[in-house]
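These notes are about the structure you will find just below.
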2 protein chains.
Amino acid sequence: MKDGKPIIGFIGLGVMGNSMASNILKGGYDLVVYNRTKSKGDNLVAQGAEWRDDPAGVARESDIIISMVGYPDDVEEIYFGENGIIKNIKRDGIVVDMTTSRPSLAKKIYEEAKKKGVYSLDAPVSGGDIGARNGVLSIMVGGDEKIFKRVLPVFRLMGKNIVWQGAAGAGQHTKMCNQIAIAGNMMGVCETMAYARKSGLDPERVLESIETGAAGSWSLSNLAPRMIKGDFEPGFYVKHFIKDMNIALSEAENMNLDTPALKLAKSLYDELEKQGKGSCGTQVLYKLIDG
Amino acid sequence: MKDGKPIIGFIGLGVMGNSMASNILKGGYDLVVYNRTKSKGDNLVAQGAEWRDDPAGVARESDIIISMVGYPDDVEEIYFGENGIIKNIKRDGIVVDMTTSRPSLAKKIYEEAKKKGVYSLDAPVSGGDIGARNGVLSIMVGGDEKIFKRVLPVFRLMGKNIVWQGAAGAGQHTKMCNQIAIAGNMMGVCETMAYARKSGLDPERVLESIETGAAGSWSLSNLAPRMIKGDFEPGFYVKHFIKDMNIALSEAENMNLDTPALKLAKSLYDELEKQGKGSCGTQVLYKLIDG
């Protein structure tokens with residue numbers, strides 16, 4: 001603590017994490033940071049953040065430790081590795097994993113943290129790089145509600161729609177809901193735009209007719225125009241979407257839930273990755289459908 | 001023509017057609033109506049519409065003949081039957097089929113109309129019974145643009161988002177785009193809500209987190225709350241959705257377009273119809289997924 005404000009640790013300074021950490025700094029908090037590739041933290045150090053050489057160094061000095069890394073395996077490593085967070089965290093510390101990761105891993109972190117007398121939240125986000133930059137992410141939080149309330153002022157620097165969803169893992173489950181909805185809808189949007197083109201319609205005029213009604217969606221309004229222009233730059237990477245769908249499919253299987261559309265979407269995106277399009281934006285599915 | 005205003009004929013006075021015809025009457029037009037079940041036109045006759053006993057009777061007296069019936073077969077019958085529109089229409093008449101029907105049938109009506117020296121538009125709608133009642137339908141129009149402009153004042157009494165999409169059939173193709181987008185999205189929404197429930201989340205709180213972001217859609221905001229409440233009353237009938245998907249699938253096949261999500265949606269809705277749920281609202285798919 002410093003001047004009554006918790007010291008914030010931030011691990012994972014990629015496109016998302018860097019913007020989120022920067023917003024915390026701008027909020028007047030002391031920030032201690034670590035990232036696998038050191039140079040990605042340079043801008044934050046220049047703004048006053050302190051650099052540490054491993055997660056342990058961050059954990060030892062922070063009251064709230066936020067992680068925003070790539071894959072569940074990365075989460076495992078920074079939490080449970082020899083120089084990881086759990087072994088080195090201060091008493092009464094709070095860990096907040098904002099990576100989109102496995103609900104079961106969120107529960108494991110929660111349990112292991114509890115054994116150490118510390119607290120854990122899972123708090124994945126949606127809203128992409130622009131949402132992160134503008135501090136308007138949607139943040140879906142699992143864990144103890146009283147801990148959620150303690151971290152809320154920090155969440156408010158990063159997000160706008162911040163909802164406590166329930167016990168440990170509930171944040172990750174909610175993020176899975178988000179991705180499942182996107183998966184079904186992306187197929188519908190891509191098949192729609194391929195049908196529009198092949199039937200000789202003017203795709204932009206089709207959008208004019210259908211985007212404000214029952215067929216309307218964020219993806220139709222935001223990604224279909226990129227498909228029409230042939231813009232397949234990543235807003236959200238195919239490879240990350242596949243990671244999320246794999247988590248959702250395995251969780252659905254555990255609860256005996258058959259999700260045929262999610263399975264189909266996963267198989268189509270797997271095909272895209274095989275074609276070397278893992279680093280394209282998810283709207284590249286249009287190319288696969290349009291053939 | 002009467003006082004410079006065309007006389008409007010209206011054939012098909014179901015839930016949608018009745019509201020649409022009523023809005024035309026309220027707009028100050030003379031209206032001549034026919035419906036298979038006569039009683040469904042009683043309210044319109046009470047408001048001043050003239051009843052005729054077959055499509056021929058309507059066609060002989062109207063300058064613009066609008067049809068809004070159930071299935072492509074019904075369209076065939078009222079246009080090409082012995083007492084049908086084409087055989088009995090006045091010179092310079094305009095026919096406007098607003099039924100959701102086959103693009104190829106729209107082209108056939110256009111060609112047959114042309115041979116008779118009359119004009120044809122295909123103009124299916126979206127917006128449901130509430131949109132019809134409030135005169136705020138989305139109307140997607142195919143046919144000659146100059147004819148579209150002549151009918152536009154009448155369309156404006158029924159709809160709000162009125163777009164000329166191109167040559168004959170383009171209106172129907174656009175409506176198919178609308179239905180294809182809904183098909184993919186409905187699967188995503190239903191799988192999402194089933195996952196939310198089975199994972200122990202509070203489904204309403206999940207919507208709070210995800211409906212304003214990239215997962216957002218009309219169906220998520222409007223139909224998911226009905227799924228949560230167990231309300232499967234029809235906004236849009238399963239059986240009508242199946243009709244539309246059959247048209248879209250056969251058109252897609254004709255243009256060598258594979259639409260795996262649309263196929264999957266169709267197979268799931270076929271299963272629902274087999275279960276006797278053809279007259280439920282499309283959101284009943286949730287029950288099939290949730291098991």
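We label chains A, B, ... in the order they appear in the structure tokens, count residues from 1 in each chain, and number ligands from 1 in the order shown.
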
Give me the residues near A:Asp63 as an mmCIF file with C-alpha atoms, in the first residue's frame, where near means some atom within 8 Å (using only C-alpha atoms) and where sequence neighbours in that chain fewer than 6 positions away do not count.
```cif
data_model
loop_
_atom_site.group_PDB
_atom_site.id
_atom_site.type_symbol
_atom_site.label_atom_id
_atom_site.label_comp_id
_atom_site.auth_asym_id
_atom_site.auth_seq_id
_atom_site.Cartn_x
_atom_site.Cartn_y
_atom_site.Cartn_z
ATOM 1 C CA MET A 1 0.000 0.000 0.000
ATOM 2 C CA PRO A 6 -2.791 -0.767 -3.263
ATOM 3 C CA ILE A 7 0.309 -1.332 -5.340
ATOM 4 C CA ILE A 8 -0.660 -3.079 -8.571
ATOM 5 C CA GLY A 9 1.414 -5.777 -10.246
ATOM 6 C CA LYS A 90 2.410 -11.343 0.094
ATOM 7 C CA ASP A 92 -3.525 -10.735 1.997
ATOM 8 C CA GLY A 93 -2.523 -10.303 -1.603
ATOM 9 C CA ILE A 94 -5.132 -10.607 -4.365
#
```

Near B:Thr192, counting only C-alpha atoms, which residues have an atom at most 9 Å away, once you skip same-chain residues fewer than 6 positions from it, shown as a short mmCIF file (atom, residue, chain, number, x, y, z; two decimals) with C-alpha atoms, in the first residue's frame?
```cif
data_model
loop_
_atom_site.label_atom_id
_atom_site.label_comp_id
_atom_site.auth_asym_id
_atom_site.auth_seq_id
_atom_site.Cartn_x
_atom_site.Cartn_y
_atom_site.Cartn_z
CA MET A 176 -17.14 -18.96 -22.81
CA CYS A 177 -20.79 -17.96 -23.23
CA ASN A 178 -19.59 -14.89 -25.11
CA GLN A 179 -17.40 -16.97 -27.43
CA ILE A 180 -20.10 -19.61 -28.07
CA ALA A 181 -22.54 -16.88 -29.16
CA THR A 259 -23.06 -27.94 -28.88
#
```

For this session: When you get a sec, could you note down which chain B residues fall within 8 Å of chain A, using only C-alpha atoms, as JSON, numbers by chain?
Result: {"B": [126, 127, 138, 139, 140, 161, 162, 163, 165, 166, 170, 173, 174, 177, 178, 179, 180, 181, 182, 183, 184, 185, 186, 187, 188, 189, 191, 192, 193, 194, 195, 196, 198, 199, 201, 202, 205, 206, 208, 209, 210, 213, 214, 215, 216, 217, 218, 219, 252, 255, 257, 258, 259, 260, 261, 262, 264, 289, 290, 291]}

Restricting the output to C-alpha atoms, write the selected residues as a CSV table (one decimal), in the first residue's frame.
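And here is the file that came out, out-v5.csv:
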```csv
chain,number,residue,atom,x,y,z
B,126,SER,CA,-39.1,-8.7,-41.8
B,127,GLY,CA,-40.2,-7.3,-38.5
B,138,SER,CA,-38.2,-3.7,-43.3
B,139,ILE,CA,-39.2,-4.2,-46.9
B,140,MET,CA,-36.7,-5.7,-49.4
B,161,ASN,CA,-36.6,0.5,-43.8
B,162,ILE,CA,-37.5,0.2,-47.5
B,163,VAL,CA,-34.6,-0.7,-49.8
B,165,GLN,CA,-32.3,-4.4,-53.9
B,166,GLY,CA,-32.1,-4.9,-57.6
B,170,ALA,CA,-33.5,-9.6,-55.4
B,173,HIS,CA,-32.7,-13.2,-52.2
B,174,THR,CA,-32.2,-10.4,-49.6
B,177,CYS,CA,-29.8,-13.4,-46.4
B,178,ASN,CA,-31.8,-12.3,-43.4
B,179,GLN,CA,-32.9,-15.8,-42.6
B,180,ILE,CA,-29.4,-17.3,-43.1
B,181,ALA,CA,-28.0,-14.8,-40.6
B,182,ILE,CA,-30.7,-15.7,-38.1
B,183,ALA,CA,-30.2,-19.4,-38.5
B,184,GLY,CA,-26.5,-19.3,-37.5
B,185,ASN,CA,-27.1,-16.9,-34.8
B,186,MET,CA,-30.0,-18.7,-33.2
B,187,MET,CA,-27.8,-21.8,-32.8
B,188,GLY,CA,-25.1,-19.7,-31.1
B,189,VAL,CA,-27.6,-18.0,-28.8
B,191,GLU,CA,-26.0,-23.0,-27.1
B,192,THR,CA,-24.9,-20.0,-25.1
B,193,MET,CA,-27.9,-20.0,-22.9
B,194,ALA,CA,-27.8,-23.7,-22.4
B,195,TYR,CA,-24.1,-23.5,-21.4
B,196,ALA,CA,-24.9,-20.6,-19.0
B,198,LYS,CA,-25.6,-25.9,-17.1
B,199,SER,CA,-22.5,-24.2,-15.8
B,201,LEU,CA,-24.4,-19.2,-14.0
B,202,ASP,CA,-27.2,-16.7,-13.6
B,205,ARG,CA,-26.5,-11.7,-15.4
B,206,VAL,CA,-24.6,-13.4,-18.3
B,208,GLU,CA,-25.8,-8.2,-18.8
B,209,SER,CA,-22.1,-9.0,-19.5
B,210,ILE,CA,-22.3,-10.1,-23.1
B,213,GLY,CA,-20.3,-6.5,-26.9
B,214,ALA,CA,-19.1,-8.6,-29.8
B,215,ALA,CA,-21.5,-11.4,-28.9
B,216,GLY,CA,-24.5,-9.0,-29.1
B,217,SER,CA,-27.4,-9.6,-31.4
B,218,TRP,CA,-31.1,-8.9,-31.8
B,219,SER,CA,-31.8,-12.6,-31.0
B,252,ALA,CA,-27.6,-21.9,-52.2
B,255,MET,CA,-25.3,-21.3,-56.9
B,257,LEU,CA,-22.6,-22.5,-52.2
B,258,ASP,CA,-22.1,-24.8,-49.3
B,259,THR,CA,-23.7,-23.4,-46.1
B,260,PRO,CA,-22.9,-26.0,-43.4
B,261,ALA,CA,-24.4,-23.9,-40.6
B,262,LEU,CA,-27.6,-23.3,-42.4
B,264,LEU,CA,-27.2,-27.8,-39.4
B,289,ILE,CA,-30.0,-27.9,-27.1
B,290,ASP,CA,-30.5,-27.8,-23.3
B,291,GLY,CA,-31.8,-31.3,-23.5
```

Problem set entry | Surrounding residues of stretch 72-81 of chain B excluding itself and chain neighbours under 5 positions, 10 Å, only C-alpha atoms, as a list in words |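 The neighbour list is Ile11, Gly12, Asp54, Pro55, Ala56, Ala59, Ser67, Ile86, Lys87, Asn88, Ile89, Val95, Asp97, Met98, Thr99, Thr100, Ser101, Arg102, Pro103, Leu105, Ala106, Lys108, Ile109, Glu112, Ala113, Lys243 and Ile247 of chain B.
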
For this session: Between atom CA of A:Gly159 and atom CA of A:Gly143, measure the distance and give it in Å to one decimal.
Result: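 The value is 17.8 Å.
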
Exercise. Using the chain letters and numbers from this document, which residues of stretch 25-270 of chain B does DSSP assign to strand (DSSP E or B), as JSON, numbers by chain?
Worked result: {"B": [31, 32, 33, 34, 50, 51, 64, 65, 66, 67, 94, 95, 96, 97, 119, 120, 121, 122, 125, 126, 137, 138, 139, 140, 141, 142, 143, 159, 160, 161, 162, 163, 164, 165, 166, 217, 237]}

Exercise. So how many Å separate atom CA of A:Asn83 and atom CA of A:Asp244, to one decimal?
Worked result: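 One can read the atom CA of A:Asn83 to atom CA of A:Asp244 distance as 26.8 Å.
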
Exercise. Excluding same-chain residues fewer than 5 positions from A:Leu31, what lies within 9 Å of it counting only C-alpha atoms, as a ChimeraX atom specification?
Worked result: /A:7-10,21,24-25,44,48-51,62
